[in-house]
file start-v1.pdb (PDB, C-alpha atoms and all ligand atoms)
ATOM      1  CA  MET A 209      -6.891 -21.330  18.085  1.00  0.00           C
ATOM      2  CA  GLU A 210      -3.516 -22.661  16.949  1.00  0.00           C
ATOM      3  CA  PHE A 211      -1.802 -21.384  13.808  1.00  0.00           C
ATOM      4  CA  PRO A 212      -0.475 -23.861  11.235  1.00  0.00           C
ATOM      5  CA  LYS A 213       3.312 -24.097  11.141  1.00  0.00           C
ATOM      6  CA  CYS A 214       3.534 -22.580   7.618  1.00  0.00           C
ATOM      7  CA  VAL A 215       1.686 -19.446   8.806  1.00  0.00           C
ATOM      8  CA  LEU A 216       4.091 -19.042  11.729  1.00  0.00           C
ATOM      9  CA  GLU A 217       7.106 -19.544   9.456  1.00  0.00           C
ATOM     10  CA  ASN A 218       5.851 -16.799   7.118  1.00  0.00           C
ATOM     11  CA  LEU A 219       6.388 -14.328   9.961  1.00  0.00           C
ATOM     12  CA  ARG A 220      10.144 -14.722   9.635  1.00  0.00           C
ATOM     13  CA  GLN A 221      10.657 -12.256   6.777  1.00  0.00           C
ATOM     14  CA  PRO A 222       8.508  -9.408   8.152  1.00  0.00           C
ATOM     15  CA  LEU A 223      10.019  -9.907  11.630  1.00  0.00           C
ATOM     16  CA  GLU A 224      13.509  -9.608  10.164  1.00  0.00           C
ATOM     17  CA  ASP A 225      13.096  -6.983   7.441  1.00  0.00           C
ATOM     18  CA  GLY A 226       9.867  -5.141   8.322  1.00  0.00           C
ATOM     19  CA  ILE A 227       8.397  -5.868   4.867  1.00  0.00           C
ATOM     20  CA  VAL A 228       6.044  -8.409   3.314  1.00  0.00           C
ATOM     21  CA  SER A 229       6.605  -9.507  -0.300  1.00  0.00           C
ATOM     22  CA  VAL A 230       3.577 -10.651  -2.265  1.00  0.00           C
ATOM     23  CA  SER A 231       4.347 -12.394  -5.563  1.00  0.00           C
ATOM     24  CA  ARG A 232       1.771 -12.632  -8.339  1.00  0.00           C
ATOM     25  CA  ALA A 233       2.001 -13.391 -12.077  1.00  0.00           C
ATOM     26  CA  THR A 234       2.228  -9.654 -12.743  1.00  0.00           C
ATOM     27  CA  GLY A 235       5.183  -9.163 -10.415  1.00  0.00           C
ATOM     28  CA  THR A 236       6.260  -8.821  -6.796  1.00  0.00           C
ATOM     29  CA  ILE A 237       5.028  -6.046  -4.558  1.00  0.00           C
ATOM     30  CA  GLN A 238       6.510  -5.170  -1.183  1.00  0.00           C
ATOM     31  CA  PHE A 239       4.403  -3.786   1.639  1.00  0.00           C
ATOM     32  CA  PRO A 240       5.687  -2.196   4.842  1.00  0.00           C
ATOM     33  CA  ALA A 241       5.109  -4.525   7.802  1.00  0.00           C
ATOM     34  CA  LYS A 242       6.743  -3.257  10.979  1.00  0.00           C
ATOM     35  CA  PHE A 243       4.955  -4.601  14.022  1.00  0.00           C
ATOM     36  CA  ILE A 244       5.430  -5.895  17.525  1.00  0.00           C
ATOM     37  CA  LEU A 245       4.740  -9.623  17.746  1.00  0.00           C
ATOM     38  CA  VAL A 246       3.247 -10.837  21.004  1.00  0.00           C
ATOM     39  CA  ALA A 247       2.632 -14.578  20.990  1.00  0.00           C
ATOM     40  CA  ALA A 248       1.781 -17.238  23.547  1.00  0.00           C
ATOM     41  CA  MET A 249       1.977 -21.010  23.468  1.00  0.00           C
ATOM     42  CA  ASN A 250       1.328 -23.847  25.878  1.00  0.00           C
ATOM     43  CA  PRO A 251       4.250 -26.085  26.862  1.00  0.00           C
ATOM     44  CA  CYS A 252       2.404 -29.192  25.554  1.00  0.00           C
ATOM     45  CA  PRO A 253      -1.058 -30.152  24.219  1.00  0.00           C
ATOM     46  CA  CYS A 254      -2.582 -30.671  27.706  1.00  0.00           C
ATOM     47  CA  GLY A 255      -0.903 -27.509  29.044  1.00  0.00           C
ATOM     48  CA  TYR A 256       0.617 -29.003  32.232  1.00  0.00           C
ATOM     49  CA  TYR A 257       4.148 -29.939  31.139  1.00  0.00           C
ATOM     50  CA  SER A 258       6.583 -28.676  33.858  1.00  0.00           C
ATOM     51  CA  ASP A 259       3.672 -27.674  36.128  1.00  0.00           C
ATOM     52  CA  PRO A 260       4.780 -28.469  39.720  1.00  0.00           C
ATOM     53  CA  GLU A 261       1.271 -29.426  40.891  1.00  0.00           C
ATOM     54  CA  GLN A 262      -0.545 -31.052  37.979  1.00  0.00           C
ATOM     55  CA  GLU A 263       0.851 -33.974  36.041  1.00  0.00           C
ATOM     56  CA  CYS A 264       1.143 -33.685  32.257  1.00  0.00           C
ATOM     57  CA  ILE A 265      -0.702 -36.501  30.486  1.00  0.00           C
ATOM     58  CA  CYS A 266       1.002 -36.068  27.093  1.00  0.00           C
ATOM     59  CA  HIS A 267       3.324 -38.618  25.535  1.00  0.00           C
ATOM     60  CA  GLN A 268       6.927 -37.398  25.069  1.00  0.00           C
ATOM     61  CA  SER A 269       6.551 -37.604  21.275  1.00  0.00           C
ATOM     62  CA  GLN A 270       3.407 -35.421  21.438  1.00  0.00           C
ATOM     63  CA  ILE A 271       5.312 -32.788  23.440  1.00  0.00           C
ATOM     64  CA  VAL A 272       8.209 -32.761  20.955  1.00  0.00           C
ATOM     65  CA  LYS A 273       5.837 -32.528  17.976  1.00  0.00           C
ATOM     66  CA  TYR A 274       3.865 -29.736  19.637  1.00  0.00           C
ATOM     67  CA  GLN A 275       6.917 -27.662  20.572  1.00  0.00           C
ATOM     68  CA  LYS A 276       8.440 -28.090  17.091  1.00  0.00           C
ATOM     69  CA  ARG A 277       5.601 -26.080  15.589  1.00  0.00           C
ATOM     70  CA  ALA A 278       7.517 -22.981  16.593  1.00  0.00           C
ATOM     71  CA  SER A 279      10.814 -23.506  14.741  1.00  0.00           C
ATOM     72  CA  GLY A 280      14.237 -22.515  16.069  1.00  0.00           C
ATOM     73  CA  PRO A 281      14.695 -19.771  13.428  1.00  0.00           C
ATOM     74  CA  LEU A 282      11.317 -18.262  14.370  1.00  0.00           C
ATOM     75  CA  LEU A 283      12.068 -18.392  18.121  1.00  0.00           C
ATOM     76  CA  ASP A 284      15.481 -16.851  17.388  1.00  0.00           C
ATOM     77  CA  ARG A 285      13.695 -13.737  16.097  1.00  0.00           C
ATOM     78  CA  ILE A 286      11.638 -13.249  19.264  1.00  0.00           C
ATOM     79  CA  ASP A 287      13.586 -11.097  21.719  1.00  0.00           C
ATOM     80  CA  LEU A 288      11.778 -11.766  24.961  1.00  0.00           C
ATOM     81  CA  HIS A 289      10.868 -15.286  26.034  1.00  0.00           C
ATOM     82  CA  VAL A 290       9.070 -15.443  29.362  1.00  0.00           C
ATOM     83  CA  GLU A 291       7.777 -18.592  31.037  1.00  0.00           C
ATOM     84  CA  VAL A 292       4.502 -17.861  32.786  1.00  0.00           C
ATOM     85  CA  PRO A 293       3.735 -20.368  35.544  1.00  0.00           C
ATOM     86  CA  ARG A 294       0.236 -20.744  36.887  1.00  0.00           C
ATOM     87  CA  VAL A 295      -0.763 -17.878  39.193  1.00  0.00           C
ATOM     88  CA  LYS A 296      -1.312 -19.018  42.756  1.00  0.00           C
ATOM     89  CA  LEU A 297      -4.817 -18.549  44.135  1.00  0.00           C
ATOM     90  CA  GLU A 298      -3.546 -16.424  47.056  1.00  0.00           C
ATOM     91  CA  LYS A 299      -2.075 -13.969  44.565  1.00  0.00           C
ATOM     92  CA  LEU A 300      -5.352 -13.660  42.665  1.00  0.00           C
ATOM     93  CA  GLU A 301      -7.147 -12.915  45.918  1.00  0.00           C
ATOM     94  CA  SER A 302      -4.478 -10.491  47.163  1.00  0.00           C
ATOM     95  CA  ASP A 303      -5.374  -6.804  47.552  1.00  0.00           C
ATOM     96  CA  GLN A 304      -1.801  -5.708  46.911  1.00  0.00           C
ATOM     97  CA  LEU A 305      -1.707  -3.455  43.880  1.00  0.00           C
ATOM     98  CA  ALA A 306       0.813  -4.017  41.094  1.00  0.00           C
ATOM     99  CA  GLU A 307       2.625  -1.108  39.432  1.00  0.00           C
ATOM    100  CA  SER A 308       0.106   0.925  37.440  1.00  0.00           C
ATOM    101  CA  SER A 309       0.091   0.907  33.630  1.00  0.00           C
ATOM    102  CA  LEU A 310       0.391   4.690  33.742  1.00  0.00           C
ATOM    103  CA  ASP A 311       3.694   4.491  35.652  1.00  0.00           C
ATOM    104  CA  ILE A 312       5.018   1.820  33.283  1.00  0.00           C
ATOM    105  CA  ARG A 313       3.993   3.913  30.286  1.00  0.00           C
ATOM    106  CA  GLN A 314       5.931   6.867  31.673  1.00  0.00           C
ATOM    107  CA  ARG A 315       9.054   4.716  32.074  1.00  0.00           C
ATOM    108  CA  VAL A 316       8.732   3.415  28.506  1.00  0.00           C
ATOM    109  CA  GLN A 317       8.204   6.937  27.148  1.00  0.00           C
ATOM    110  CA  THR A 318      11.356   8.155  28.916  1.00  0.00           C
ATOM    111  CA  ALA A 319      13.346   5.270  27.381  1.00  0.00           C
ATOM    112  CA  ARG A 320      11.957   6.096  23.927  1.00  0.00           C
ATOM    113  CA  ASP A 321      12.837   9.787  24.346  1.00  0.00           C
ATOM    114  CA  ILE A 322      16.426   8.785  25.221  1.00  0.00           C
ATOM    115  CA  GLN A 323      16.588   6.710  22.020  1.00  0.00           C
ATOM    116  CA  ASN A 324      15.144   9.469  19.828  1.00  0.00           C
ATOM    117  CA  GLU A 325      17.753  11.850  21.212  1.00  0.00           C
ATOM    118  CA  ARG A 326      20.605   9.353  20.731  1.00  0.00           C
ATOM    119  CA  TYR A 327      19.693   8.631  17.119  1.00  0.00           C
ATOM    120  CA  LYS A 328      18.816  12.155  16.017  1.00  0.00           C
ATOM    121  CA  THR A 329      21.794  12.197  13.655  1.00  0.00           C
ATOM    122  CA  GLU A 330      21.173   8.628  12.462  1.00  0.00           C
ATOM    123  CA  LYS A 331      18.469   7.390  10.137  1.00  0.00           C
ATOM    124  CA  ILE A 332      16.771   5.315  12.857  1.00  0.00           C
ATOM    125  CA  PHE A 333      14.453   6.022  15.772  1.00  0.00           C
ATOM    126  CA  ASP A 334      14.948   3.200  18.251  1.00  0.00           C
ATOM    127  CA  ASN A 335      17.249   0.419  19.426  1.00  0.00           C
ATOM    128  CA  SER A 336      15.567  -2.338  17.430  1.00  0.00           C
ATOM    129  CA  GLU A 337      16.566  -0.623  14.181  1.00  0.00           C
ATOM    130  CA  MET A 338      20.298  -0.486  14.904  1.00  0.00           C
ATOM    131  CA  THR A 339      22.642  -1.894  12.242  1.00  0.00           C
ATOM    132  CA  SER A 340      25.616  -3.983  13.363  1.00  0.00           C
ATOM    133  CA  GLU A 341      27.858  -0.884  13.031  1.00  0.00           C
ATOM    134  CA  GLN A 342      25.501   1.137  15.219  1.00  0.00           C
ATOM    135  CA  ILE A 343      25.396  -1.704  17.757  1.00  0.00           C
ATOM    136  CA  LYS A 344      29.192  -1.584  17.993  1.00  0.00           C
ATOM    137  CA  LYS A 345      28.988   2.175  18.547  1.00  0.00           C
ATOM    138  CA  TYR A 346      26.101   2.378  21.029  1.00  0.00           C
ATOM    139  CA  CYS A 347      26.317  -0.939  22.900  1.00  0.00           C
ATOM    140  CA  GLN A 348      29.915  -0.890  24.089  1.00  0.00           C
ATOM    141  CA  LEU A 349      30.569  -3.313  26.903  1.00  0.00           C
ATOM    142  CA  ASP A 350      33.148  -3.219  29.670  1.00  0.00           C
ATOM    143  CA  VAL A 351      35.512  -6.153  30.286  1.00  0.00           C
ATOM    144  CA  ALA A 352      32.989  -8.041  32.454  1.00  0.00           C
ATOM    145  CA  GLY A 353      30.249  -7.546  29.864  1.00  0.00           C
ATOM    146  CA  LYS A 354      32.437  -8.776  27.016  1.00  0.00           C
ATOM    147  CA  GLU A 355      33.385 -11.862  28.990  1.00  0.00           C
ATOM    148  CA  LEU A 356      29.733 -12.583  29.883  1.00  0.00           C
ATOM    149  CA  ILE A 357      28.436 -12.362  26.328  1.00  0.00           C
ATOM    150  CA  ARG A 358      31.339 -14.437  25.017  1.00  0.00           C
ATOM    151  CA  ARG A 359      30.591 -17.234  27.482  1.00  0.00           C
ATOM    152  CA  ALA A 360      26.827 -17.003  26.883  1.00  0.00           C
ATOM    153  CA  ALA A 361      27.234 -17.065  23.091  1.00  0.00           C
ATOM    154  CA  GLU A 362      29.324 -20.236  23.395  1.00  0.00           C
ATOM    155  CA  HIS A 363      27.069 -21.926  25.934  1.00  0.00           C
ATOM    156  CA  LEU A 364      23.762 -21.034  24.245  1.00  0.00           C
ATOM    157  CA  ARG A 365      25.219 -21.489  20.727  1.00  0.00           C
ATOM    158  CA  PHE A 366      24.102 -18.056  19.549  1.00  0.00           C
ATOM    159  CA  SER A 367      23.500 -17.264  15.907  1.00  0.00           C
ATOM    160  CA  ALA A 368      24.919 -13.921  14.760  1.00  0.00           C
ATOM    161  CA  ARG A 369      21.322 -12.681  14.838  1.00  0.00           C
ATOM    162  CA  ALA A 370      20.835 -13.752  18.461  1.00  0.00           C
ATOM    163  CA  TYR A 371      24.130 -12.116  19.460  1.00  0.00           C
ATOM    164  CA  PHE A 372      23.099  -8.731  18.062  1.00  0.00           C
ATOM    165  CA  ARG A 373      19.529  -9.021  19.342  1.00  0.00           C
ATOM    166  CA  VAL A 374      20.790  -9.585  22.891  1.00  0.00           C
ATOM    167  CA  LEU A 375      22.941  -6.448  22.667  1.00  0.00           C
ATOM    168  CA  LYS A 376      20.005  -4.362  21.407  1.00  0.00           C
ATOM    169  CA  LEU A 377      17.820  -5.651  24.209  1.00  0.00           C
ATOM    170  CA  ALA A 378      20.523  -4.914  26.798  1.00  0.00           C
ATOM    171  CA  ARG A 379      20.674  -1.351  25.379  1.00  0.00           C
ATOM    172  CA  THR A 380      16.894  -1.013  25.907  1.00  0.00           C
ATOM    173  CA  ILE A 381      17.108  -2.341  29.480  1.00  0.00           C
ATOM    174  CA  ALA A 382      19.875   0.207  30.139  1.00  0.00           C
ATOM    175  CA  ASP A 383      17.671   2.972  28.654  1.00  0.00           C
ATOM    176  CA  LEU A 384      14.762   1.959  30.887  1.00  0.00           C
ATOM    177  CA  GLU A 385      17.108   2.507  33.841  1.00  0.00           C
ATOM    178  CA  GLN A 386      18.378   5.723  32.247  1.00  0.00           C
ATOM    179  CA  SER A 387      21.893   4.345  32.276  1.00  0.00           C
ATOM    180  CA  GLU A 388      24.267   5.829  29.710  1.00  0.00           C
ATOM    181  CA  ASN A 389      26.330   2.656  29.469  1.00  0.00           C
ATOM    182  CA  VAL A 390      25.227  -0.938  28.962  1.00  0.00           C
ATOM    183  CA  LEU A 391      26.358  -2.589  32.191  1.00  0.00           C
ATOM    184  CA  VAL A 392      26.897  -6.258  32.875  1.00  0.00           C
ATOM    185  CA  GLY A 393      23.595  -6.407  34.845  1.00  0.00           C
ATOM    186  CA  HIS A 394      21.649  -5.141  31.809  1.00  0.00           C
ATOM    187  CA  LEU A 395      23.312  -7.762  29.653  1.00  0.00           C
ATOM    188  CA  ALA A 396      22.618 -10.530  32.190  1.00  0.00           C
ATOM    189  CA  GLU A 397      18.938  -9.572  32.225  1.00  0.00           C
ATOM    190  CA  ALA A 398      18.764  -9.560  28.410  1.00  0.00           C
ATOM    191  CA  LEU A 399      20.333 -13.041  28.329  1.00  0.00           C
ATOM    192  CA  GLN A 400      17.611 -14.380  30.640  1.00  0.00           C
ATOM    193  CA  TYR A 401      15.036 -13.707  27.927  1.00  0.00           C
ATOM    194  CA  ARG A 402      16.655 -15.975  25.317  1.00  0.00           C
ATOM    195  CA  PRO A 403      14.796 -19.230  24.632  1.00  0.00           C
ATOM    196  CA  LYS A 404      15.868 -22.009  26.965  1.00  0.00           C
ATOM    197  CA  ILE A 405      17.752 -24.874  25.380  1.00  0.00           C
ATOM    198  CA  GLU A 406      16.241 -28.238  26.411  1.00  0.00           C
TER     199      GLU A 406
HETATM  200 ZN    ZN B   1       0.907 -32.254  28.572  1.00  0.00          ZN
END
call {"tool": "encode", "arguments": {"input": "start-v1.pdb", "output": "structure tokens", "more": "lines below"}}
Ligand SMILES: [Zn+2]
result
Amino acid sequence: MEFPKCVLENLRQPLEDGIVSVSRATGTIQFPAKFILVAAMNPCPCGYYSDPEQECICHQSQIVKYQKRASGPLLDRIDLHVEVPRVKLEKLESDQLAESSLDIRQRVQTARDIQNERYKTEKIFDNSEMTSEQIKKYCQLDVAGKELIRRAAEHLRFSARAYFRVLKLARTIADLEQSENVLVGHLAEALQYRPKIE
């Protein structure tokens, strides 16, 4: 199932503010709407655009039209963009076990505990809720980090929103590694998750 563009666009306000406003003749009511958005899309209607083994049969205009359904401002509000290439058959048949969900859960819980402790005197609970002032306080970068984000912001033409979202994400990556400071490696990883500019 594919969602109409107007439905996707309506996600922008709740993604940004954590509320949904419903307007009726009798007035406007706001509902709390904090959630984690997990979304997937194909690269083109046939699904094979950029696949190294199978040729895409879509016309260029179809690909552009298809990809435009997720607008730039919507993509800007999604912190982690991950391209998922087709899984090779050998990997599906492999007996090698991946990291267990239990271990991953433990790592996430530790990172959340670090955030709860850090913000115990603030009115927030986790990194995603940081204001720009709190970002300046808790996401201080060293010289290399400042230089990297300056170059990336220029090259990737960051909006102010993207700039702050990258810093929050870098803070979370640092917390997952139980690192007190946001290091240049954490920032570099966060930058990899921005949408790719074609
Ligand atoms: Zn295609």
call {"tool": "residues_near_ligand", "arguments": {"input": "start-v1.pdb", "ligand": "ligand ZN 1 (chain B)", "cutoff": "9 Å", "atoms": "all atoms listed in the file", "output": "ChimeraX atom specification"}}
result
/A:250-258,263-268,270-271
call {"tool": "atom_distance", "arguments": {"input": "start-v1.pdb", "atom1": "CA of Ser336 (chain A)", "atom2": "CA of Lys276 (chain A)"}}
result
26.7 Å
call {"tool": "closest_residue", "arguments": {"input": "start-v1.pdb", "among": "A:Asp284, A:Ser269, A:Arg365, A:Asp303", "to": "Arg402 (chain A)", "atoms": "all atoms listed in the file"}}
result
A:Asp284
call {"tool": "resolve_selection", "arguments": {"input": "start-v1.pdb", "expression": "the PyMOL selection byres (((chain A and resi 286-297) around 9) and not hetatm)", "output": "list in words"}}
result
Leu223, Leu245, Val246, Ser258, Asp259, Leu282, Leu283, Asp284, Arg285, Glu298, Lys299, Leu300, Glu301, Ser302, Ala370, Arg373, Val374, Leu377, Ala398, Gln400, Tyr401, Arg402, Pro403 and Lys404 of chain A
call {"tool": "closest_residue", "arguments": {"input": "start-v1.pdb", "among": "A:Gln314, A:Glu224, A:Glu307, A:Ala233", "to": "Glu337 (chain A)", "atoms": "all atoms listed in the file"}}
result
A:Glu224
call {"tool": "atom_distance", "arguments": {"input": "start-v1.pdb", "atom1": "CA of Ala378 (chain A)", "atom2": "CA of Leu395 (chain A)"}}
result
4.9 Å
call {"tool": "atom_distance", "arguments": {"input": "start-v1.pdb", "atom1": "CA of Pro240 (chain A)", "atom2": "CA of Glu217 (chain A)"}}
result
18.0 Å
call {"tool": "resolve_selection", "arguments": {"input": "start-v1.pdb", "expression": "the PyMOL selection byres (((chain A and resi 381) around 9) and not hetatm)", "output": "number ranges by chain"}}
result
A: 319, 376-380, 382-387, 390, 394-395, 397-398
call {"tool": "write_last_selection", "arguments": {"input": "start-v1.pdb", "atoms": "C-alpha atoms", "output": "mmCIF file, keeping the file's coordinate frame"}}
result
data_model
loop_
_atom_site.group_PDB
_atom_site.id
_atom_site.type_symbol
_atom_site.label_atom_id
_atom_site.label_comp_id
_atom_site.auth_asym_id
_atom_site.auth_seq_id
_atom_site.Cartn_x
_atom_site.Cartn_y
_atom_site.Cartn_z
ATOM 1 C CA ALA A 319 13.346 5.270 27.381
ATOM 2 C CA LYS A 376 20.005 -4.362 21.407
ATOM 3 C CA LEU A 377 17.820 -5.651 24.209
ATOM 4 C CA ALA A 378 20.523 -4.914 26.798
ATOM 5 C CA ARG A 379 20.674 -1.351 25.379
ATOM 6 C CA THR A 380 16.894 -1.013 25.907
ATOM 7 C CA ALA A 382 19.875 0.207 30.139
ATOM 8 C CA ASP A 383 17.671 2.972 28.654
ATOM 9 C CA LEU A 384 14.762 1.959 30.887
ATOM 10 C CA GLU A 385 17.108 2.507 33.841
ATOM 11 C CA GLN A 386 18.378 5.723 32.247
ATOM 12 C CA SER A 387 21.893 4.345 32.276
ATOM 13 C CA VAL A 390 25.227 -0.938 28.962
ATOM 14 C CA HIS A 394 21.649 -5.141 31.809
ATOM 15 C CA LEU A 395 23.312 -7.762 29.653
ATOM 16 C CA GLU A 397 18.938 -9.572 32.225
ATOM 17 C CA ALA A 398 18.764 -9.560 28.410
#
call {"tool": "resolve_selection", "arguments": {"input": "start-v1.pdb", "expression": "the PyMOL selection byres (((chain A and resi 392) around 8) and not hetatm)", "output": "PyMOL selection string"}}
result
chain A and resi 349-350+352-353+356+390-391+393-396
call {"tool": "closest_residue", "arguments": {"input": "start-v1.pdb", "among": "A:Phe372, A:Val272, A:Arg320, A:Leu219", "to": "Glu341 (chain A)", "atoms": "all atoms listed in the file"}}
result
A:Phe372
call {"tool": "closest_residue", "arguments": {"input": "start-v1.pdb", "among": "A:Val228, A:Ile343, A:Leu399, A:Leu310", "to": "Arg358 (chain A)", "atoms": "all atoms listed in the file"}}
result
A:Leu399
call {"tool": "closest_residue", "arguments": {"input": "start-v1.pdb", "among": "A:Arg359, A:Thr318, A:Asp334, A:Ala247", "to": "Glu210 (chain A)", "atoms": "only C-alpha atoms"}}
result
A:Ala247
call {"tool": "decode", "arguments": {"input": "start-v1.pdb", "residues": "region 267-287 of chain A", "atoms": "N, CA and C atoms", "output": "short mmCIF file (atom, residue, chain, number, x, y, z; two decimals), in the first residue's frame"}}
result
data_model
loop_
_atom_site.label_atom_id
_atom_site.label_comp_id
_atom_site.auth_asym_id
_atom_site.auth_seq_id
_atom_site.Cartn_x
_atom_site.Cartn_y
_atom_site.Cartn_z
N HIS A 267 10.76 4.61 -16.59
CA HIS A 267 11.20 5.80 -17.31
C HIS A 267 11.70 6.82 -16.27
N GLN A 268 12.70 7.63 -16.66
CA GLN A 268 13.28 8.61 -15.73
C GLN A 268 12.20 9.49 -15.09
N SER A 269 11.20 9.89 -15.92
CA SER A 269 10.16 10.78 -15.38
C SER A 269 9.31 10.05 -14.32
N GLN A 270 9.12 8.73 -14.52
CA GLN A 270 8.36 7.94 -13.52
C GLN A 270 9.14 7.91 -12.19
N ILE A 271 10.46 7.75 -12.29
CA ILE A 271 11.29 7.67 -11.08
C ILE A 271 11.21 8.99 -10.31
N VAL A 272 11.34 10.11 -11.06
CA VAL A 272 11.30 11.43 -10.42
C VAL A 272 9.95 11.64 -9.75
N LYS A 273 8.87 11.31 -10.46
CA LYS A 273 7.52 11.50 -9.93
C LYS A 273 7.32 10.66 -8.66
N TYR A 274 7.80 9.42 -8.73
CA TYR A 274 7.66 8.50 -7.61
C TYR A 274 8.41 9.02 -6.38
N GLN A 275 9.66 9.42 -6.59
CA GLN A 275 10.49 9.86 -5.45
C GLN A 275 9.99 11.18 -4.87
N LYS A 276 9.33 12.00 -5.69
CA LYS A 276 8.83 13.30 -5.20
C LYS A 276 7.66 13.16 -4.24
N ARG A 277 7.09 11.96 -4.16
CA ARG A 277 5.96 11.78 -3.23
C ARG A 277 6.39 12.00 -1.79
N ALA A 278 7.64 11.72 -1.50
CA ALA A 278 8.17 12.07 -0.18
C ALA A 278 8.90 13.40 -0.35
N SER A 279 8.32 14.49 0.12
CA SER A 279 8.89 15.82 -0.13
C SER A 279 10.17 16.05 0.67
N GLY A 280 10.96 17.02 0.22
CA GLY A 280 12.19 17.39 0.93
C GLY A 280 11.93 17.75 2.39
N PRO A 281 10.92 18.62 2.67
CA PRO A 281 10.66 18.97 4.08
C PRO A 281 10.27 17.77 4.94
N LEU A 282 9.60 16.78 4.36
CA LEU A 282 9.26 15.57 5.13
C LEU A 282 10.54 14.76 5.40
N LEU A 283 11.34 14.55 4.33
CA LEU A 283 12.58 13.77 4.49
C LEU A 283 13.52 14.45 5.48
N ASP A 284 13.50 15.78 5.50
CA ASP A 284 14.35 16.56 6.41
C ASP A 284 14.06 16.23 7.87
N ARG A 285 12.82 15.80 8.14
CA ARG A 285 12.41 15.52 9.52
C ARG A 285 12.66 14.07 9.93
N ILE A 286 13.19 13.28 9.02
CA ILE A 286 13.49 11.87 9.34
C ILE A 286 14.99 11.77 9.60
N ASP A 287 15.35 11.35 10.82
CA ASP A 287 16.75 11.42 11.24
C ASP A 287 17.65 10.38 10.60
#
